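Peer 1: Just passing along the structure, written as structure tokens.
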Amino acid sequence: MEKYIDTPDGKILVEENERIFFPEGIYAFEALKNFYILRMDDDNVFHLLQSEERPEIAFIIINPYLFKKNYILNVREEDLKAIKINNEKDAEKDLAVFTIVTINENSMTANLLGPIIINLKEKIGKQALALNEDYSTKHDILSEIENNKEIREALGVSTG
């Protein structure tokens with residue numbers, strides 16, 4: 001069933017069955033439980049994780065594998081179980097991984113320490129805590145793109 005939700009850009013038509021439920025919310029926004037993933041661009045690179053409860057709250061998200069080829073999702077087993085991912089087979093077919101993007105005047109960073117994991121089949125999400133010690137909350141996406149021709153070509157980005 002379709003319905004309209006409010007966003008900072010006005011009302012958007014969504015499929016109600018596409019709502020992602022976050023039982024614990026997102027860090028610092030624990031009271032917000034219902035979100036939709038909205039496309040931001042034609043290339044399907046950036047998305048908005050749009051709150052249903054508070055239209056002014058939307059997070060820019062990206063699949064970390066698009067800019068960090070050696071990205072490894074390493075989260076606690078209980079985080080996966082919380083979204084009903086119980087084994088590797090479930091993960092391969094139903095798990096989506098995103099990272100929250102922060103854009104400032106001269107930078108674009110990704111929070112690799114707090115990946116958003118979503119069970120696409122069950123429509124349940126969680127912001128997990130990455131166990132990778134070399135990841136940060138401010139991973140520089142622009143330098144990753146600039147230093148990797150393959151990523152630039154995949155994203156359709158030029159540096160000059």
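Residue numbers start at 1 in each chain; chains themselves are named A, B, ... in the order of the structure tokens; ligands are numbered from 1 in the order shown.
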Which residues, written as a PyMOL selection string, have at least one atom at most 12 Å from Glu133 (chain A), with only C-alpha atoms counted and residues fewer than 6 positions away on the same chain left out?
Peer 2: chain A and resi 72-75+112-113
Peer 1: Can you tell me, as number ranges by chain, what residues are no more than 12 Å from Pro23 (chain A) when counting only C-alpha atoms, ignoring any on the same chain fewer than 4 positions away?
Peer 2: A: 27, 29-35, 79, 82-83, 118, 123-127
Peer 1: Take CA of Pro55 (chain A) and CA of Gly10 (chain A) and report the distance between them in Å, one decimal.
Peer 2: 8.9 Å
Peer 1: Write down as a list in words the residues of chain A whose backbone DSSP state falls under alpha helix (DSSP H).
Peer 2: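 Those residues are Glu77, Glu78, Asp79, Leu80, Lys81, Ala82, Glu88, Lys89, Asp90, Ala91, Glu92, Lys93, Asp94, Ile141, Leu142, Ser143, Glu144, Ile145, Glu146, Lys149, Glu150, Ile151, Arg152, Glu153, Ala154 and Leu155 of chain A.
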Peer 1: As a PyMOL selection string, please: the residues near Glu16 (chain A) (cut-off 10 Å, only C-alpha atoms, same-chain neighbours under 2 positions excluded).
Peer 2: chain A and resi 1-5+13-14+18-20+36
Peer 1: Would you pick out the contacts of region 95-104 of chain A at 6 Å or less, using only C-alpha atoms, so that residues sharing its chain but fewer than 6 positions from it are not included, and give the list as JSON, numbers by chain?
Peer 2: {"A": [60, 61, 62, 63, 110, 111, 115, 116, 117, 118, 119]}
Peer 1: Closest to Leu120 (chain A) among A:Asp42, A:Glu88, A:Glu56, A:Asp94, using only C-alpha atoms?
Peer 2: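 Answer, going by the shortest atom-to-atom distance: A:Asp94.
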Peer 1: Nearest to Leu131 (chain A) among A:Glu105, A:Asn87, A:Lys93, A:Arg76, with distances taken over only C-alpha atoms: which residue is it?
Peer 2: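 Checking each of A:Glu105, A:Asn87, A:Lys93, A:Arg76 against Leu131 (chain A), counting only C-alpha atoms, the winner is A:Arg76.
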Peer 1: As an exercise, work out the distance from CA of Leu129 (chain A) to CA of Asp41 (chain A) in Å and give it to one decimal place.
Peer 2: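 One can read the CA of Leu129 (chain A) to CA of Asp41 (chain A) distance as 27.6 Å.
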Peer 1: Between CA of Glu15 (chain A) and CA of Phe46 (chain A), what is the spacing in Å?
Peer 2: 19.3 Å
Peer 1: Go through A:Lys121, A:Gly114, A:Arg54, A:Met108 one by one, measure the shortest atom-to-atom distance of each to Thr137 (chain A) using only C-alpha atoms, and give the residue with the smallest value.
Peer 2: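 Nearest to Thr137 (chain A): A:Gly114.
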